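S.K.: Below you will find the structure I want to go over with you.
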Amino acid sequence: MSIFYGMNTTASALTAQRLRMDVISSNMANMDTARARQVNGEWEPYRRKSVTFTAQESQFSKFFNVALGKNAKSGVGNGVKVTQIKEDRETPFKLVYDPTHPDANADGYVNMPNVDPLREMVDLMSATRSYEANVTVFNANKSMLTKALEIGK
Amino acid sequence: MTISSVSLMTPTQVVNQTNKLQTTPYEAQQNFANSLKEAIAKVNDQQITSDNFTQKLITGGDVELHEVMIASQKASITLNATIEVRNKVIEAYQEIMRMSV
């Protein structure tokens, strides 16, 4: 239904932010995980994950309708979607001196995940605020529709 | 902005146009009944979707909380719109019934 166009867009943003929050939770939970997966018999620590957002653009038929001048709404996007959850391979692992650790190398150093709690906290705040902002958009949308129902009362 | 002059139709034109649009009272009634039925079915669909989402949420299905809330809000808005239309219809009916003959 076209009256719920904006609401559907907001819903996609909320879903995306929820997923981002889930990924941040995973990063935070695995802040000290030295054993995430085995590579050639060696344990590799957890790698920080991040989400990639992409604008959900309209499909071909919609562009076609715009070209025909049929529907002005077709130019509006369809919201946002998460295209991938990427592992951070740029940031190096943290080397921690702990000879008692089972995964320590010959010099007594252990590779720890490249998760920076400070950075995760900032991402967490950003995700929360984005979610709130989108809820506000939704409520504004709803109040607009309910106001429309009051026309002629 | 140019203001176009009002063009009046000749009486024969008016008669011709009304003749073209003529439908039997039975047809009109059927058309109206069908479109009303369809509209109400659509509203009911929203309610069912909302119900399904809620059901999924409480039984631990793979559904997000905000999806449930949004579905219920959509259902509420469509229902309110329907109620508004119904009120208008009833109002019109009562207005006609109040007419003194």
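Ordering of the structure tokens sets the chain letters (A, B, ...), residue numbers begin anew at 1 in every chain, and ligands are numbered from 1 in the order given.
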Kindly assemble as JSON lines a list of the stretch 12-34 of chain A residues that lie within 9 Å of stretch 42-66 of chain B, each paired with its nearest atom pair and their distance in Å to one decimal, using only C-alpha atoms, sorted first by chain and then by ascending residue number.
M.R.:
```
{"residue": "A:Leu14", "atom": "CA", "partner": "B:His66", "partner_atom": "CA", "distance": 7.3}
{"residue": "A:Thr15", "atom": "CA", "partner": "B:Glu64", "partner_atom": "CA", "distance": 7.5}
{"residue": "A:Arg18", "atom": "CA", "partner": "B:Glu64", "partner_atom": "CA", "distance": 8.5}
```
S.K.: Residues of the last selection are to be written out with C-alpha atoms, as a PDB file, in the first residue's frame.
M.R.:
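File written: result-v6.pdb
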```
ATOM      1  CA  LEU A  14      15.306  -0.195  12.020  1.00  0.00           C
ATOM      2  CA  THR A  15      16.126  -3.723  10.893  1.00  0.00           C
ATOM      3  CA  ARG A  18      19.245  -3.882  14.881  1.00  0.00           C
TER       4      ARG A  18
END
```
S.K.: Within 12 Å of chain A, which residues of chain B come that close, and what is the closest atom pair and distance in Å for each? Count only C-alpha atoms and give it as a Markdown table.
M.R.:
```
| residue | atom | partner | partner_atom | distance |
| --- | --- | --- | --- | --- |
| B:Lys42 | CA | A:Met1 | CA | 9.9 |
| B:Val43 | CA | A:Met1 | CA | 11.0 |
| B:Asp45 | CA | A:Met1 | CA | 11.8 |
| B:Gln46 | CA | A:Met1 | CA | 10.5 |
| B:Val63 | CA | A:Thr15 | CA | 10.0 |
| B:Glu64 | CA | A:Thr15 | CA | 7.5 |
| B:Leu65 | CA | A:Thr15 | CA | 9.6 |
| B:His66 | CA | A:Leu14 | CA | 7.3 |
| B:Glu67 | CA | A:Ala11 | CA | 6.9 |
| B:Val68 | CA | A:Ala11 | CA | 10.3 |
| B:Met69 | CA | A:Ala11 | CA | 10.0 |
| B:Ile70 | CA | A:Ala11 | CA | 7.5 |
| B:Ala71 | CA | A:Met7 | CA | 9.7 |
| B:Ser72 | CA | A:Lys142 | CA | 11.8 |
| B:Gln73 | CA | A:Lys142 | CA | 8.0 |
| B:Lys74 | CA | A:Phe4 | CA | 7.5 |
| B:Ala75 | CA | A:Phe4 | CA | 10.7 |
| B:Ser76 | CA | A:Thr146 | CA | 10.0 |
| B:Ile77 | CA | A:Thr146 | CA | 7.1 |
| B:Thr78 | CA | A:Ile3 | CA | 9.7 |
| B:Leu79 | CA | A:Leu149 | CA | 10.9 |
| B:Asn80 | CA | A:Leu149 | CA | 7.7 |
| B:Ala81 | CA | A:Leu149 | CA | 6.3 |
| B:Thr82 | CA | A:Leu149 | CA | 9.7 |
| B:Ile83 | CA | A:Leu149 | CA | 9.7 |
| B:Glu84 | CA | A:Leu149 | CA | 7.0 |
| B:Val85 | CA | A:Leu149 | CA | 9.4 |
| B:Asn87 | CA | A:Lys153 | CA | 10.0 |
| B:Lys88 | CA | A:Lys153 | CA | 9.5 |
| B:Glu91 | CA | A:Lys153 | CA | 11.5 |
```
S.K.: Please produce a file of those selected residues containing N, CA and C atoms, as an mmCIF file, in the first residue's frame.
M.R.:
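File part-v5.cif, as written:
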```cif
data_model
loop_
_atom_site.group_PDB
_atom_site.id
_atom_site.type_symbol
_atom_site.label_atom_id
_atom_site.label_comp_id
_atom_site.auth_asym_id
_atom_site.auth_seq_id
_atom_site.Cartn_x
_atom_site.Cartn_y
_atom_site.Cartn_z
ATOM 1 N N LYS B 42 -9.149 -6.108 2.579
ATOM 2 C CA LYS B 42 -7.783 -5.568 2.652
ATOM 3 C C LYS B 42 -7.456 -5.123 4.070
ATOM 4 N N VAL B 43 -8.430 -4.467 4.698
ATOM 5 C CA VAL B 43 -8.226 -4.018 6.081
ATOM 6 C C VAL B 43 -8.017 -5.232 6.978
ATOM 7 N N ASP B 45 -6.837 -8.069 6.114
ATOM 8 C CA ASP B 45 -5.513 -8.634 5.831
ATOM 9 C C ASP B 45 -4.464 -8.029 6.746
ATOM 10 N N GLN B 46 -4.547 -6.695 6.913
ATOM 11 C CA GLN B 46 -3.572 -6.009 7.790
ATOM 12 C C GLN B 46 -3.679 -6.544 9.210
ATOM 13 N N VAL B 63 11.478 -12.982 14.222
ATOM 14 C CA VAL B 63 10.828 -11.717 13.882
ATOM 15 C C VAL B 63 11.295 -10.636 14.843
ATOM 16 N N GLU B 64 11.509 -9.436 14.295
ATOM 17 C CA GLU B 64 12.013 -8.343 15.124
ATOM 18 C C GLU B 64 10.855 -7.652 15.831
ATOM 19 N N LEU B 65 11.159 -7.123 17.001
ATOM 20 C CA LEU B 65 10.116 -6.463 17.799
ATOM 21 C C LEU B 65 9.509 -5.291 17.042
ATOM 22 N N HIS B 66 10.375 -4.489 16.376
ATOM 23 C CA HIS B 66 9.827 -3.311 15.708
ATOM 24 C C HIS B 66 8.922 -3.695 14.535
ATOM 25 N N GLU B 67 9.185 -4.861 13.930
ATOM 26 C CA GLU B 67 8.311 -5.313 12.835
ATOM 27 C C GLU B 67 6.900 -5.559 13.357
ATOM 28 N N VAL B 68 6.832 -6.156 14.550
ATOM 29 C CA VAL B 68 5.534 -6.435 15.160
ATOM 30 C C VAL B 68 4.809 -5.132 15.441
ATOM 31 N N MET B 69 5.555 -4.181 16.023
ATOM 32 C CA MET B 69 4.950 -2.888 16.371
ATOM 33 C C MET B 69 4.454 -2.171 15.118
ATOM 34 N N ILE B 70 5.288 -2.201 14.067
ATOM 35 C CA ILE B 70 4.919 -1.502 12.839
ATOM 36 C C ILE B 70 3.697 -2.152 12.207
ATOM 37 N N ALA B 71 3.656 -3.483 12.220
ATOM 38 C CA ALA B 71 2.495 -4.185 11.650
ATOM 39 C C ALA B 71 1.235 -3.798 12.403
ATOM 40 N N SER B 72 1.333 -3.712 13.740
ATOM 41 C CA SER B 72 0.137 -3.370 14.525
ATOM 42 C C SER B 72 -0.281 -1.932 14.259
ATOM 43 N N GLN B 73 0.713 -1.037 14.079
ATOM 44 C CA GLN B 73 0.380 0.365 13.794
ATOM 45 C C GLN B 73 -0.307 0.498 12.440
ATOM 46 N N LYS B 74 0.200 -0.264 11.449
ATOM 47 C CA LYS B 74 -0.409 -0.236 10.120
ATOM 48 C C LYS B 74 -1.854 -0.700 10.210
ATOM 49 N N ALA B 75 -2.054 -1.797 10.951
ATOM 50 C CA ALA B 75 -3.408 -2.342 11.107
ATOM 51 C C ALA B 75 -4.312 -1.301 11.754
ATOM 52 N N SER B 76 -3.785 -0.630 12.778
ATOM 53 C CA SER B 76 -4.607 0.357 13.490
ATOM 54 C C SER B 76 -4.970 1.523 12.576
ATOM 55 N N ILE B 77 -4.010 1.974 11.748
ATOM 56 C CA ILE B 77 -4.290 3.107 10.863
ATOM 57 C C ILE B 77 -5.334 2.731 9.806
ATOM 58 N N THR B 78 -5.191 1.540 9.220
ATOM 59 C CA THR B 78 -6.170 1.136 8.191
ATOM 60 C C THR B 78 -7.553 0.979 8.809
ATOM 61 N N LEU B 79 -7.587 0.429 10.030
ATOM 62 C CA LEU B 79 -8.885 0.252 10.691
ATOM 63 C C LEU B 79 -9.520 1.607 10.982
ATOM 64 N N ASN B 80 -8.707 2.551 11.464
ATOM 65 C CA ASN B 80 -9.231 3.887 11.746
ATOM 66 C C ASN B 80 -9.761 4.547 10.486
ATOM 67 N N ALA B 81 -9.047 4.355 9.375
ATOM 68 C CA ALA B 81 -9.497 4.925 8.101
ATOM 69 C C ALA B 81 -10.841 4.333 7.712
ATOM 70 N N THR B 82 -10.983 3.021 7.914
ATOM 71 C CA THR B 82 -12.255 2.350 7.594
ATOM 72 C C THR B 82 -13.384 2.895 8.455
ATOM 73 N N ILE B 83 -13.101 3.050 9.743
ATOM 74 C CA ILE B 83 -14.116 3.561 10.667
ATOM 75 C C ILE B 83 -14.555 4.965 10.234
ATOM 76 N N GLU B 84 -13.557 5.753 9.789
ATOM 77 C CA GLU B 84 -13.857 7.117 9.351
ATOM 78 C C GLU B 84 -14.799 7.101 8.143
ATOM 79 N N VAL B 85 -14.525 6.196 7.209
ATOM 80 C CA VAL B 85 -15.382 6.064 6.022
ATOM 81 C C VAL B 85 -16.785 5.631 6.436
ATOM 82 N N ASN B 87 -18.265 6.073 9.290
ATOM 83 C CA ASN B 87 -18.954 7.187 9.948
ATOM 84 C C ASN B 87 -19.566 8.125 8.932
ATOM 85 N N LYS B 88 -18.803 8.387 7.860
ATOM 86 C CA LYS B 88 -19.301 9.290 6.817
ATOM 87 C C LYS B 88 -20.544 8.702 6.154
ATOM 88 N N GLU B 91 -23.475 8.902 8.464
ATOM 89 C CA GLU B 91 -23.890 10.300 8.550
ATOM 90 C C GLU B 91 -24.757 10.677 7.351
#
```
S.K.: Looking at A:Ala29, A:Leu19, A:Ala140, A:Ala133, which one is nearest to A:Asp116, with distances taken over only C-alpha atoms?
M.R.: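 The closest residue to A:Asp116 is A:Ala29.
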S.K.: Hey, can you check how far atom CA of A:Ala127 sits from atom CA of A:Val23?
M.R.: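 Result for atom CA of A:Ala127 versus atom CA of A:Val23: 10.7 Å, one decimal.
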S.K.: What is the atom CA of A:Ala36-atom CA of A:Asp123 distance in Å, reported with one decimal?
M.R.: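 These two atoms are separated by 22.2 Å.
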S.K.: Excluding A:Ala55 and any residue of its chain fewer than 2 positions from it, enumerate the residues within 12 Å of it, using only C-alpha atoms, and give them as number ranges by chain.
M.R.: A: 9, 12-13, 16, 52-53, 57-58, 76-83
S.K.: Please produce an output containing N, CA and C atoms for each residue in the selection, written as a PDB file, in the first residue's frame.
M.R.:
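Result saved to again14.pdb:
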```
ATOM      1  N   THR A   9      10.093   2.114   4.605  1.00  0.00           N
ATOM      2  CA  THR A   9      11.472   2.605   4.548  1.00  0.00           C
ATOM      3  C   THR A   9      12.063   2.640   5.954  1.00  0.00           C
ATOM      4  N   SER A  12      12.943  -0.741   7.303  1.00  0.00           N
ATOM      5  CA  SER A  12      14.204  -1.299   6.795  1.00  0.00           C
ATOM      6  C   SER A  12      15.385  -0.722   7.568  1.00  0.00           C
ATOM      7  N   ALA A  13      15.291   0.579   7.886  1.00  0.00           N
ATOM      8  CA  ALA A  13      16.376   1.216   8.648  1.00  0.00           C
ATOM      9  C   ALA A  13      16.464   0.617  10.055  1.00  0.00           C
ATOM     10  N   ALA A  16      18.089  -2.713   9.873  1.00  0.00           N
ATOM     11  CA  ALA A  16      19.533  -2.574   9.629  1.00  0.00           C
ATOM     12  C   ALA A  16      20.254  -2.194  10.919  1.00  0.00           C
ATOM     13  N   THR A  52      28.068  -3.352   6.345  1.00  0.00           N
ATOM     14  CA  THR A  52      28.080  -2.412   5.224  1.00  0.00           C
ATOM     15  C   THR A  52      26.637  -2.142   4.806  1.00  0.00           C
ATOM     16  N   PHE A  53      26.266  -0.881   4.862  1.00  0.00           N
ATOM     17  CA  PHE A  53      24.906  -0.499   4.460  1.00  0.00           C
ATOM     18  C   PHE A  53      24.906  -0.071   2.996  1.00  0.00           C
ATOM     19  N   GLU A  57      17.839   0.786  -3.741  1.00  0.00           N
ATOM     20  CA  GLU A  57      17.279   1.593  -4.834  1.00  0.00           C
ATOM     21  C   GLU A  57      16.122   0.859  -5.495  1.00  0.00           C
ATOM     22  N   SER A  58      15.342   1.637  -6.203  1.00  0.00           N
ATOM     23  CA  SER A  58      14.155   1.066  -6.834  1.00  0.00           C
ATOM     24  C   SER A  58      14.537   0.111  -7.955  1.00  0.00           C
ATOM     25  N   VAL A  76      11.814   7.936  -5.114  1.00  0.00           N
ATOM     26  CA  VAL A  76      12.228   7.762  -3.722  1.00  0.00           C
ATOM     27  C   VAL A  76      12.796   6.357  -3.562  1.00  0.00           C
ATOM     28  N   GLY A  77      13.845   6.233  -2.771  1.00  0.00           N
ATOM     29  CA  GLY A  77      14.438   4.916  -2.549  1.00  0.00           C
ATOM     30  C   GLY A  77      13.537   4.037  -1.705  1.00  0.00           C
ATOM     31  N   ASN A  78      13.971   2.802  -1.509  1.00  0.00           N
ATOM     32  CA  ASN A  78      13.190   1.856  -0.720  1.00  0.00           C
ATOM     33  C   ASN A  78      13.782   1.617   0.652  1.00  0.00           C
ATOM     34  N   GLY A  79      14.643   2.536   1.090  1.00  0.00           N
ATOM     35  CA  GLY A  79      15.249   2.352   2.396  1.00  0.00           C
ATOM     36  C   GLY A  79      16.668   1.840   2.300  1.00  0.00           C
ATOM     37  N   VAL A  80      17.055   1.088   3.314  1.00  0.00           N
ATOM     38  CA  VAL A  80      18.450   0.651   3.418  1.00  0.00           C
ATOM     39  C   VAL A  80      18.494  -0.861   3.587  1.00  0.00           C
ATOM     40  N   LYS A  81      19.603  -1.451   3.172  1.00  0.00           N
ATOM     41  CA  LYS A  81      19.784  -2.887   3.455  1.00  0.00           C
ATOM     42  C   LYS A  81      21.250  -3.155   3.759  1.00  0.00           C
ATOM     43  N   VAL A  82      21.476  -4.211   4.512  1.00  0.00           N
ATOM     44  CA  VAL A  82      22.844  -4.590   4.850  1.00  0.00           C
ATOM     45  C   VAL A  82      23.314  -5.556   3.781  1.00  0.00           C
ATOM     46  N   THR A  83      24.396  -5.189   3.074  1.00  0.00           N
ATOM     47  CA  THR A  83      24.852  -6.066   1.994  1.00  0.00           C
ATOM     48  C   THR A  83      25.878  -7.074   2.472  1.00  0.00           C
TER      49      THR A  83
END
```
S.K.: With a distance cut-off of 12 Å and only C-alpha atoms, select the neighbouring residues of A:Pro117, excluding the residue or stretch itself and same-chain residues fewer than 5 positions from it, and output the selection as a tab-separated table (two decimals) with N, CA and C atoms, in the first residue's frame.
M.R.:
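Written out: out33.tsv:
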```
chain	number	residue	atom	x	y	z
A	24	ILE	N	27.78	-5.46	16.85
A	24	ILE	CA	28.56	-4.81	17.91
A	24	ILE	C	28.57	-5.69	19.16
A	25	SER	N	27.41	-6.29	19.48
A	25	SER	CA	27.34	-7.20	20.63
A	25	SER	C	28.34	-8.33	20.47
A	26	SER	N	28.39	-8.87	19.25
A	26	SER	CA	29.32	-9.97	18.99
A	26	SER	C	30.76	-9.51	19.19
A	27	ASN	N	31.09	-8.31	18.71
A	27	ASN	CA	32.44	-7.77	18.87
A	27	ASN	C	32.79	-7.62	20.34
A	28	MET	N	31.83	-7.05	21.09
A	28	MET	CA	32.06	-6.81	22.52
A	28	MET	C	32.23	-8.13	23.26
A	29	ALA	N	31.39	-9.10	22.92
A	29	ALA	CA	31.42	-10.39	23.61
A	29	ALA	C	32.74	-11.11	23.36
A	30	ASN	N	33.30	-10.91	22.17
A	30	ASN	CA	34.52	-11.62	21.80
A	30	ASN	C	35.77	-10.77	21.94
A	31	MET	N	35.69	-9.78	22.82
A	31	MET	CA	36.81	-8.86	23.02
A	31	MET	C	38.09	-9.60	23.42
A	32	ASP	N	37.94	-10.70	24.16
A	32	ASP	CA	39.11	-11.44	24.67
A	32	ASP	C	39.19	-12.86	24.12
A	48	ARG	N	37.40	-8.31	14.40
A	48	ARG	CA	36.31	-7.35	14.53
A	48	ARG	C	35.46	-7.37	13.26
A	122	VAL	N	31.44	3.73	20.80
A	122	VAL	CA	31.02	4.83	19.92
A	122	VAL	C	30.03	4.31	18.88
A	123	ASP	N	30.34	3.14	18.30
A	123	ASP	CA	29.44	2.53	17.32
A	123	ASP	C	28.09	2.20	17.94
A	124	LEU	N	28.16	1.72	19.19
A	124	LEU	CA	26.95	1.36	19.93
A	124	LEU	C	26.05	2.58	20.09
```
S.K.: May I ask which of the residues A:Met121, A:Arg129, A:Val96, A:Glu90 is the closest one to A:Tyr109, counting only C-alpha atoms?
M.R.: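 Closest to A:Tyr109 of all the choices is A:Val96.
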S.K.: Mind giving me the straight-line distance from atom CA of A:Asp88 to atom CA of A:Ser50 in Å, one decimal?
M.R.: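 For atom CA of A:Asp88 relative to atom CA of A:Ser50, the distance reads 7.1 Å.
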S.K.: Pull the strand (DSSP E) assignments for chain A out of DSSP run on the backbone, and list those residues as a list in words.
M.R.: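 Restricting chain A to strand (DSSP E) produces Arg37, Gln38, Val39, Glu42, Trp43, Glu44, Lys49, Ser50, Val51, Thr52, Phe53, Thr54, Ala55, Val80, Lys81, Val82, Thr83, Gln84, Ile85, Lys86, Glu87, Lys94, Leu95, Val96, Tyr97, Tyr109, Val110, Asn111 and Met112 of chain A.
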